[in-house]
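For reference, data36.csv (CSV, C-alpha atoms):
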```
chain,number,residue,atom,x,y,z
I,1487,GLU,CA,1.6,-49.2,-39.1
I,1488,ALA,CA,4.9,-50.3,-37.6
I,1489,GLY,CA,5.8,-48.7,-34.4
I,1490,VAL,CA,9.0,-47.1,-33.1
I,1491,ALA,CA,11.7,-49.7,-32.8
I,1492,GLN,CA,14.5,-49.6,-30.3
I,1493,SER,CA,17.5,-51.9,-29.6
I,1494,PRO,CA,18.8,-53.3,-27.4
I,1495,ARG,CA,15.9,-53.8,-24.9
I,1496,TYR,CA,18.3,-54.3,-22.0
I,1497,LYS,CA,21.9,-53.5,-21.3
I,1498,ILE,CA,24.1,-53.9,-18.3
I,1499,ILE,CA,27.5,-52.3,-18.3
I,1500,GLU,CA,30.1,-51.2,-15.7
I,1501,LYS,CA,30.7,-47.6,-14.9
I,1502,ARG,CA,33.1,-45.9,-17.2
I,1503,GLN,CA,32.2,-48.2,-20.1
I,1504,SER,CA,30.5,-46.9,-23.2
I,1505,VAL,CA,27.1,-47.9,-24.6
I,1506,ALA,CA,25.0,-47.1,-27.7
I,1507,PHE,CA,21.3,-47.3,-28.3
I,1508,TRP,CA,19.5,-47.3,-31.6
I,1509,CYS,CA,16.1,-46.0,-32.6
I,1510,ASN,CA,14.1,-46.4,-35.8
I,1511,PRO,CA,11.1,-44.0,-35.8
I,1512,ILE,CA,7.8,-44.4,-37.6
I,1513,SER,CA,8.2,-43.8,-41.3
I,1514,GLY,CA,7.5,-40.3,-42.3
I,1515,HIS,CA,7.8,-38.9,-38.8
I,1516,ALA,CA,10.0,-35.8,-39.0
I,1517,THR,CA,10.5,-35.3,-35.2
I,1518,LEU,CA,12.5,-37.7,-33.1
I,1519,TYR,CA,13.0,-37.5,-29.3
I,1520,TRP,CA,15.3,-39.3,-26.9
I,1521,TYR,CA,14.0,-39.3,-23.3
I,1522,GLN,CA,15.6,-40.6,-20.1
I,1523,GLN,CA,13.2,-42.1,-17.6
I,1524,ILE,CA,14.5,-42.7,-14.2
I,1525,LEU,CA,12.4,-45.1,-12.1
I,1526,GLY,CA,9.5,-43.3,-10.5
I,1527,GLN,CA,9.9,-40.2,-12.6
I,1528,GLY,CA,8.4,-38.8,-15.8
I,1529,PRO,CA,10.3,-38.9,-19.1
I,1530,LYS,CA,13.0,-36.2,-19.3
I,1531,LEU,CA,13.9,-34.9,-22.8
I,1532,LEU,CA,17.5,-35.4,-23.7
I,1533,ILE,CA,17.5,-34.3,-27.3
I,1534,GLN,CA,15.0,-33.6,-30.0
I,1535,PHE,CA,15.6,-33.8,-33.8
I,1536,GLN,CA,13.6,-32.2,-36.5
I,1537,ASN,CA,14.6,-34.3,-39.6
I,1538,ASN,CA,18.3,-34.6,-39.2
I,1539,GLY,CA,18.9,-31.3,-37.3
I,1540,VAL,CA,19.0,-30.9,-33.5
I,1541,VAL,CA,16.4,-28.4,-32.3
I,1542,ASP,CA,16.7,-29.0,-28.5
I,1543,ASP,CA,19.6,-30.5,-26.6
I,1544,SER,CA,19.5,-28.2,-23.6
I,1545,GLN,CA,19.3,-31.1,-21.1
I,1546,LEU,CA,21.8,-33.4,-22.7
I,1547,PRO,CA,24.9,-33.9,-20.6
I,1548,LYS,CA,27.2,-33.2,-23.5
I,1549,ASP,CA,30.4,-34.2,-21.8
I,1550,ARG,CA,29.3,-37.8,-21.9
I,1551,PHE,CA,26.2,-38.1,-24.1
I,1552,SER,CA,26.0,-37.7,-27.8
I,1553,ALA,CA,23.3,-38.4,-30.4
I,1554,GLU,CA,23.0,-38.3,-34.1
I,1555,ARG,CA,20.3,-38.8,-36.7
I,1556,LEU,CA,21.8,-39.5,-40.0
I,1557,LYS,CA,19.7,-38.9,-43.1
I,1558,GLY,CA,16.8,-37.9,-40.9
I,1559,VAL,CA,15.6,-41.4,-40.1
I,1560,ASP,CA,17.4,-43.7,-37.6
I,1561,SER,CA,19.1,-42.3,-34.6
I,1562,THR,CA,21.7,-43.4,-32.1
I,1563,LEU,CA,22.3,-42.2,-28.6
I,1564,LYS,CA,25.7,-42.9,-27.0
I,1565,ILE,CA,27.0,-42.6,-23.5
I,1566,GLN,CA,30.7,-42.5,-22.9
I,1567,PRO,CA,31.8,-42.9,-20.1
I,1568,ALA,CA,28.7,-44.2,-18.2
I,1569,LYS,CA,28.0,-43.3,-14.6
I,1570,LEU,CA,25.9,-45.0,-12.0
I,1571,GLU,CA,23.3,-42.3,-12.2
I,1572,ASP,CA,22.8,-43.1,-15.9
I,1573,SER,CA,20.8,-46.2,-14.9
I,1574,ALA,CA,17.4,-45.6,-16.4
I,1575,VAL,CA,15.1,-46.5,-19.3
I,1576,TYR,CA,16.0,-44.6,-22.5
I,1577,LEU,CA,12.9,-44.0,-24.6
I,1578,CYS,CA,12.8,-43.0,-28.2
I,1579,ALA,CA,9.7,-41.3,-29.6
I,1580,SER,CA,8.7,-39.9,-32.9
I,1581,SER,CA,5.9,-37.6,-34.0
I,1582,VAL,CA,4.3,-35.9,-36.9
I,1583,ARG,CA,2.3,-32.7,-36.6
I,1584,LEU,CA,-1.4,-32.8,-37.4
I,1585,GLY,CA,-2.8,-29.3,-37.6
I,1586,ASP,CA,-2.5,-27.9,-34.1
I,1587,SER,CA,-1.6,-31.1,-32.4
I,1588,TYR,CA,0.4,-34.2,-32.8
I,1589,GLU,CA,0.9,-37.5,-31.1
I,1590,GLN,CA,4.2,-38.9,-29.8
I,1591,TYR,CA,4.6,-42.6,-30.4
I,1592,PHE,CA,7.1,-44.2,-28.0
I,1593,GLY,CA,9.3,-47.1,-28.5
I,1594,PRO,CA,9.6,-50.0,-26.0
I,1595,GLY,CA,12.7,-48.4,-24.4
I,1596,THR,CA,16.1,-49.6,-23.5
I,1597,ARG,CA,16.7,-50.4,-19.9
I,1598,LEU,CA,20.2,-49.5,-18.9
I,1599,THR,CA,21.8,-50.7,-15.7
I,1600,VAL,CA,25.2,-49.3,-14.8
I,1601,THR,CA,27.1,-51.2,-12.1
F,1480,GLY,CA,12.2,-22.6,-17.1
F,1481,GLU,CA,9.0,-24.4,-18.2
F,1482,ASN,CA,7.6,-26.7,-15.5
F,1483,VAL,CA,4.7,-29.1,-15.2
F,1484,GLU,CA,3.5,-30.2,-11.7
F,1485,GLN,CA,1.2,-33.1,-11.1
F,1486,HIS,CA,-0.8,-34.2,-8.1
F,1487,PRO,CA,-1.2,-36.6,-6.4
F,1488,SER,CA,1.9,-38.7,-6.9
F,1489,THR,CA,0.0,-41.8,-5.8
F,1490,LEU,CA,-3.8,-42.5,-5.8
F,1491,SER,CA,-5.7,-45.5,-4.7
F,1492,VAL,CA,-9.4,-45.9,-5.5
F,1493,GLN,CA,-12.0,-48.6,-5.1
F,1494,GLU,CA,-13.1,-50.2,-8.4
F,1495,GLY,CA,-16.1,-48.3,-9.7
F,1496,ASP,CA,-15.1,-45.0,-8.1
F,1497,SER,CA,-13.8,-42.0,-9.9
F,1498,ALA,CA,-10.1,-40.9,-10.1
F,1499,VAL,CA,-8.9,-37.3,-10.7
F,1500,ILE,CA,-5.4,-36.2,-11.5
F,1501,LYS,CA,-4.5,-32.6,-11.6
F,1502,CYS,CA,-1.6,-30.8,-13.4
F,1503,THR,CA,-0.4,-27.2,-13.5
F,1504,TYR,CA,1.9,-25.7,-16.1
F,1505,SER,CA,4.0,-22.6,-16.0
F,1506,ASP,CA,4.3,-21.4,-19.6
F,1507,SER,CA,1.3,-19.6,-20.8
F,1508,ALA,CA,2.3,-20.3,-24.4
F,1509,SER,CA,1.5,-24.0,-23.9
F,1510,ASN,CA,-1.3,-24.9,-26.3
F,1511,TYR,CA,-1.5,-28.7,-26.4
F,1512,PHE,CA,-1.9,-31.0,-23.4
F,1513,PRO,CA,-1.7,-34.8,-23.9
F,1514,TRP,CA,-2.1,-37.5,-21.2
F,1515,TYR,CA,-0.2,-40.7,-21.3
F,1516,LYS,CA,-0.7,-44.0,-19.5
F,1517,GLN,CA,2.3,-46.2,-18.7
F,1518,GLU,CA,1.7,-49.7,-17.5
F,1519,LEU,CA,4.5,-51.4,-15.6
F,1520,GLY,CA,7.4,-52.2,-17.9
F,1521,LYS,CA,5.7,-50.8,-20.9
F,1522,ARG,CA,6.0,-47.7,-23.0
F,1523,PRO,CA,3.8,-44.5,-22.5
F,1524,GLN,CA,0.7,-44.5,-24.6
F,1525,LEU,CA,-1.5,-41.5,-25.4
F,1526,ILE,CA,-4.9,-41.9,-23.9
F,1527,ILE,CA,-6.5,-38.4,-24.5
F,1528,ASP,CA,-5.4,-34.9,-25.4
F,1529,ILE,CA,-6.8,-31.4,-25.4
F,1530,ARG,CA,-6.0,-28.2,-27.3
F,1531,SER,CA,-5.9,-24.8,-25.7
F,1532,ASN,CA,-9.0,-23.7,-27.6
F,1533,VAL,CA,-11.1,-26.4,-25.9
F,1534,GLY,CA,-12.2,-26.5,-22.3
F,1535,GLU,CA,-13.3,-30.1,-22.0
F,1536,LYS,CA,-13.0,-33.3,-23.9
F,1537,LYS,CA,-14.5,-36.7,-23.2
F,1538,ASP,CA,-13.8,-40.2,-24.5
F,1539,GLN,CA,-15.9,-42.9,-22.9
F,1540,ARG,CA,-14.8,-43.1,-19.3
F,1541,ILE,CA,-12.0,-40.6,-19.6
F,1542,ALA,CA,-12.3,-36.8,-19.7
F,1543,VAL,CA,-9.9,-34.0,-19.6
F,1544,THR,CA,-10.6,-30.4,-18.6
F,1545,LEU,CA,-8.5,-27.3,-19.2
F,1546,ASN,CA,-8.5,-23.9,-17.4
F,1547,LYS,CA,-6.2,-21.7,-19.3
F,1548,THR,CA,-6.6,-18.8,-17.0
F,1549,ALA,CA,-5.4,-20.8,-14.0
F,1550,LYS,CA,-3.0,-22.8,-16.1
F,1551,HIS,CA,-4.2,-26.1,-14.9
F,1552,PHE,CA,-5.7,-29.2,-16.5
F,1553,SER,CA,-7.2,-32.4,-15.1
F,1554,LEU,CA,-7.8,-36.0,-16.0
F,1555,HIS,CA,-11.0,-37.7,-14.8
F,1556,ILE,CA,-11.5,-41.4,-15.0
F,1557,THR,CA,-15.0,-42.6,-14.1
F,1558,GLU,CA,-16.1,-46.2,-13.2
F,1559,THR,CA,-12.5,-47.2,-12.7
F,1560,GLN,CA,-11.5,-50.8,-13.4
F,1561,PRO,CA,-8.5,-52.8,-12.3
F,1562,GLU,CA,-7.0,-52.4,-15.7
F,1563,ASP,CA,-6.8,-48.7,-15.2
F,1564,SER,CA,-4.0,-49.3,-12.7
F,1565,ALA,CA,-0.9,-47.6,-14.2
F,1566,VAL,CA,1.2,-44.5,-14.0
F,1567,TYR,CA,-0.4,-41.5,-15.7
F,1568,PHE,CA,1.7,-38.6,-17.1
F,1569,CYS,CA,0.4,-35.2,-18.1
F,1570,ALA,CA,2.4,-33.1,-20.5
F,1571,ALA,CA,2.3,-29.5,-21.8
F,1572,SER,CA,3.5,-28.6,-25.2
F,1573,MET,CA,4.2,-25.3,-26.9
F,1574,LYS,CA,5.7,-24.1,-30.1
F,1575,SER,CA,9.3,-23.1,-29.4
F,1576,GLY,CA,10.2,-20.3,-31.8
F,1577,THR,CA,8.7,-21.1,-35.2
F,1578,SER,CA,10.0,-24.6,-35.8
F,1579,TYR,CA,9.3,-27.2,-33.3
F,1580,ASP,CA,7.1,-28.5,-30.4
F,1581,LYS,CA,8.6,-28.5,-27.0
F,1582,VAL,CA,7.0,-31.0,-24.6
F,1583,ILE,CA,7.4,-31.0,-20.8
F,1584,PHE,CA,6.1,-34.0,-18.8
F,1585,GLY,CA,4.8,-34.1,-15.3
F,1586,PRO,CA,6.3,-36.4,-12.7
F,1587,GLY,CA,3.5,-38.9,-13.0
F,1588,THR,CA,0.7,-40.3,-10.8
F,1589,SER,CA,0.6,-44.0,-9.8
F,1590,LEU,CA,-3.0,-45.1,-9.9
F,1591,SER,CA,-4.1,-48.3,-8.1
F,1592,VAL,CA,-7.6,-49.5,-8.6
F,1593,ILE,CA,-8.6,-51.9,-5.8
F,1594,PRO,CA,-11.0,-54.7,-6.9
```

Whole structure, structure tokens version:
Amino acid sequence: EAGVAQSPRYKIIEKRQSVAFWCNPISGHATLYWYQQILGQGPKLLIQFQNNGVVDDSQLPKDRFSAERLKGVDSTLKIQPAKLEDSAVYLCASSVRLGDSYEQYFGPGTRLTVT
Amino acid sequence: GENVEQHPSTLSVQEGDSAVIKCTYSDSASNYFPWYKQELGKRPQLIIDIRSNVGEKKDQRIAVTLNKTAKHFSLHITETQPEDSAVYFCAASMKSGTSYDKVIFGPGTSLSVIP
């Protein structure tokens, strides 16, 4: 089956600029996640969607980050304005529950560098 | 809040030796524990998982053990090979309310297998 798609793969912007990332999850996966992974650290959940509704955005810096998942499929994550500390890999993942467990499938990530 | 700790942060072993990575979690409601392997510049990929009603699970050279009482779980890799070199992340997942799965990742262990 096709995997999780993300674009762009790399992005370099100056601080205070804006940027948007796109994610297309695996077909049929109801749950979509956006993670921020800073070099040397584990993925940190930014926002989680169940179909097109937000179920967890407790760690999303809402003053600068926003995300949407229209029609419960594709999703976009936006940063406006960007700060130096936003430099990281942004991972999108999707999952579907199978009984008591599930597997998250990750996309290739977007590496953001803010200068 | 929920937290997952992981030790050691770095681990070097000789090829053929065993490697053990340990994680502890804080939320006793956690019921699903996946392990991910992330090679340099690549996406995290699930390598093994365990549910809370199981104490041990094995898949070829990889095994995971779970002690619910102590709230810790471990990854064991036997007969390590150079291609096992990667960053390994543990995670703990629980149902949040009634509707969605909440996943917390550990900070990762960088494993180097020396030929």

For this session: Please return, as a list of chain:residue names, all polymer residues that have at least one atom within 8 Å of the point (-16.4, -48.4, -7.6); use only C-alpha atoms and the file's own coordinate frame.
Result: F:Val1492, F:Gln1493, F:Glu1494, F:Gly1495, F:Asp1496, F:Ser1497, F:Glu1558, F:Thr1559, F:Gln1560

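Using all atoms listed in the file, the chain I residues found within 6 Å of chain F amount to Gln1527, Gly1528 and Pro1594 of chain I.
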
Exercise. Rounded to one decimal in Å, what is the spacing between CA of Glu1518 in chain F and CA of Ser1505 in chain F?
Worked result: 27.2 Å

For range 1520-1589 of chain I versus range 1506-1514 of chain I, which residues have an atom no more than 12 Å away, and what is each residue's nearest atom pair and distance in Å rounded to one decimal, using all atoms listed in the file, chain-then-number order, as JSON lines?
```
{"residue": "I:Trp1520", "atom": "CA", "partner": "I:Cys1509", "partner_atom": "CA", "distance": 8.8}
{"residue": "I:Tyr1521", "atom": "CA", "partner": "I:Cys1509", "partner_atom": "CA", "distance": 11.7}
{"residue": "I:Phe1535", "atom": "CA", "partner": "I:Pro1511", "partner_atom": "CA", "distance": 11.3}
{"residue": "I:Gln1536", "atom": "CA", "partner": "I:Gly1514", "partner_atom": "CA", "distance": 11.7}
{"residue": "I:Asn1537", "atom": "CA", "partner": "I:Gly1514", "partner_atom": "CA", "distance": 9.7}
{"residue": "I:Arg1550", "atom": "CA", "partner": "I:Ala1506", "partner_atom": "CA", "distance": 11.8}
{"residue": "I:Phe1551", "atom": "CA", "partner": "I:Ala1506", "partner_atom": "CA", "distance": 9.8}
{"residue": "I:Ser1552", "atom": "CA", "partner": "I:Ala1506", "partner_atom": "CA", "distance": 9.5}
{"residue": "I:Ala1553", "atom": "CA", "partner": "I:Ala1506", "partner_atom": "CA", "distance": 9.3}
{"residue": "I:Glu1554", "atom": "CA", "partner": "I:Trp1508", "partner_atom": "CA", "distance": 10.0}
{"residue": "I:Arg1555", "atom": "CA", "partner": "I:Cys1509", "partner_atom": "CA", "distance": 9.3}
{"residue": "I:Leu1556", "atom": "CA", "partner": "I:Asn1510", "partner_atom": "CA", "distance": 11.2}
{"residue": "I:Lys1557", "atom": "CA", "partner": "I:Asn1510", "partner_atom": "CA", "distance": 11.9}
{"residue": "I:Gly1558", "atom": "CA", "partner": "I:Gly1514", "partner_atom": "CA", "distance": 9.7}
{"residue": "I:Val1559", "atom": "CA", "partner": "I:Pro1511", "partner_atom": "CA", "distance": 6.7}
{"residue": "I:Asp1560", "atom": "CA", "partner": "I:Asn1510", "partner_atom": "CA", "distance": 4.6}
{"residue": "I:Ser1561", "atom": "CA", "partner": "I:Cys1509", "partner_atom": "CA", "distance": 5.2}
{"residue": "I:Thr1562", "atom": "CA", "partner": "I:Trp1508", "partner_atom": "CA", "distance": 4.5}
{"residue": "I:Leu1563", "atom": "CA", "partner": "I:Phe1507", "partner_atom": "CA", "distance": 5.2}
{"residue": "I:Lys1564", "atom": "CA", "partner": "I:Ala1506", "partner_atom": "CA", "distance": 4.3}
{"residue": "I:Ile1565", "atom": "CA", "partner": "I:Ala1506", "partner_atom": "CA", "distance": 6.5}
{"residue": "I:Gln1566", "atom": "CA", "partner": "I:Ala1506", "partner_atom": "CA", "distance": 8.8}
{"residue": "I:Pro1567", "atom": "CA", "partner": "I:Ala1506", "partner_atom": "CA", "distance": 11.0}
{"residue": "I:Ala1568", "atom": "CA", "partner": "I:Ala1506", "partner_atom": "CA", "distance": 10.6}
{"residue": "I:Val1575", "atom": "CA", "partner": "I:Phe1507", "partner_atom": "CA", "distance": 11.0}
{"residue": "I:Tyr1576", "atom": "CA", "partner": "I:Phe1507", "partner_atom": "CA", "distance": 8.3}
{"residue": "I:Leu1577", "atom": "CA", "partner": "I:Cys1509", "partner_atom": "CA", "distance": 8.8}
{"residue": "I:Cys1578", "atom": "CA", "partner": "I:Cys1509", "partner_atom": "CA", "distance": 6.3}
{"residue": "I:Ala1579", "atom": "CA", "partner": "I:Pro1511", "partner_atom": "CA", "distance": 6.9}
{"residue": "I:Ser1580", "atom": "CA", "partner": "I:Pro1511", "partner_atom": "CA", "distance": 5.6}
{"residue": "I:Ser1581", "atom": "CA", "partner": "I:Ile1512", "partner_atom": "CA", "distance": 7.9}
{"residue": "I:Val1582", "atom": "CA", "partner": "I:Gly1514", "partner_atom": "CA", "distance": 7.7}
{"residue": "I:Arg1583", "atom": "CA", "partner": "I:Gly1514", "partner_atom": "CA", "distance": 10.8}
{"residue": "I:Glu1589", "atom": "CA", "partner": "I:Ile1512", "partner_atom": "CA", "distance": 11.7}
```

For C-alpha atoms, I'd like the residues from the last selection saved as a PDB file, keeping the file's coordinate frame.
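Output file part-v4.pdb follows:
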```pdb
ATOM      1  CA  TRP I1520      15.300 -39.300 -26.900  1.00  0.00           C
ATOM      2  CA  TYR I1521      14.000 -39.300 -23.300  1.00  0.00           C
ATOM      3  CA  PHE I1535      15.600 -33.800 -33.800  1.00  0.00           C
ATOM      4  CA  GLN I1536      13.600 -32.200 -36.500  1.00  0.00           C
ATOM      5  CA  ASN I1537      14.600 -34.300 -39.600  1.00  0.00           C
ATOM      6  CA  ARG I1550      29.300 -37.800 -21.900  1.00  0.00           C
ATOM      7  CA  PHE I1551      26.200 -38.100 -24.100  1.00  0.00           C
ATOM      8  CA  SER I1552      26.000 -37.700 -27.800  1.00  0.00           C
ATOM      9  CA  ALA I1553      23.300 -38.400 -30.400  1.00  0.00           C
ATOM     10  CA  GLU I1554      23.000 -38.300 -34.100  1.00  0.00           C
ATOM     11  CA  ARG I1555      20.300 -38.800 -36.700  1.00  0.00           C
ATOM     12  CA  LEU I1556      21.800 -39.500 -40.000  1.00  0.00           C
ATOM     13  CA  LYS I1557      19.700 -38.900 -43.100  1.00  0.00           C
ATOM     14  CA  GLY I1558      16.800 -37.900 -40.900  1.00  0.00           C
ATOM     15  CA  VAL I1559      15.600 -41.400 -40.100  1.00  0.00           C
ATOM     16  CA  ASP I1560      17.400 -43.700 -37.600  1.00  0.00           C
ATOM     17  CA  SER I1561      19.100 -42.300 -34.600  1.00  0.00           C
ATOM     18  CA  THR I1562      21.700 -43.400 -32.100  1.00  0.00           C
ATOM     19  CA  LEU I1563      22.300 -42.200 -28.600  1.00  0.00           C
ATOM     20  CA  LYS I1564      25.700 -42.900 -27.000  1.00  0.00           C
ATOM     21  CA  ILE I1565      27.000 -42.600 -23.500  1.00  0.00           C
ATOM     22  CA  GLN I1566      30.700 -42.500 -22.900  1.00  0.00           C
ATOM     23  CA  PRO I1567      31.800 -42.900 -20.100  1.00  0.00           C
ATOM     24  CA  ALA I1568      28.700 -44.200 -18.200  1.00  0.00           C
ATOM     25  CA  VAL I1575      15.100 -46.500 -19.300  1.00  0.00           C
ATOM     26  CA  TYR I1576      16.000 -44.600 -22.500  1.00  0.00           C
ATOM     27  CA  LEU I1577      12.900 -44.000 -24.600  1.00  0.00           C
ATOM     28  CA  CYS I1578      12.800 -43.000 -28.200  1.00  0.00           C
ATOM     29  CA  ALA I1579       9.700 -41.300 -29.600  1.00  0.00           C
ATOM     30  CA  SER I1580       8.700 -39.900 -32.900  1.00  0.00           C
ATOM     31  CA  SER I1581       5.900 -37.600 -34.000  1.00  0.00           C
ATOM     32  CA  VAL I1582       4.300 -35.900 -36.900  1.00  0.00           C
ATOM     33  CA  ARG I1583       2.300 -32.700 -36.600  1.00  0.00           C
ATOM     34  CA  GLU I1589       0.900 -37.500 -31.100  1.00  0.00           C
TER      35      GLU I1589
END
```

Exercise. Between CA of Gln1534 in chain I and CA of Asp1572 in chain I, what is the spacing in Å?
Worked result: 18.7 Å

Exercise. In Å, how far is it from CA of Ala1571 in chain F to CA of Leu1590 in chain F?
Worked result: 20.3 Å
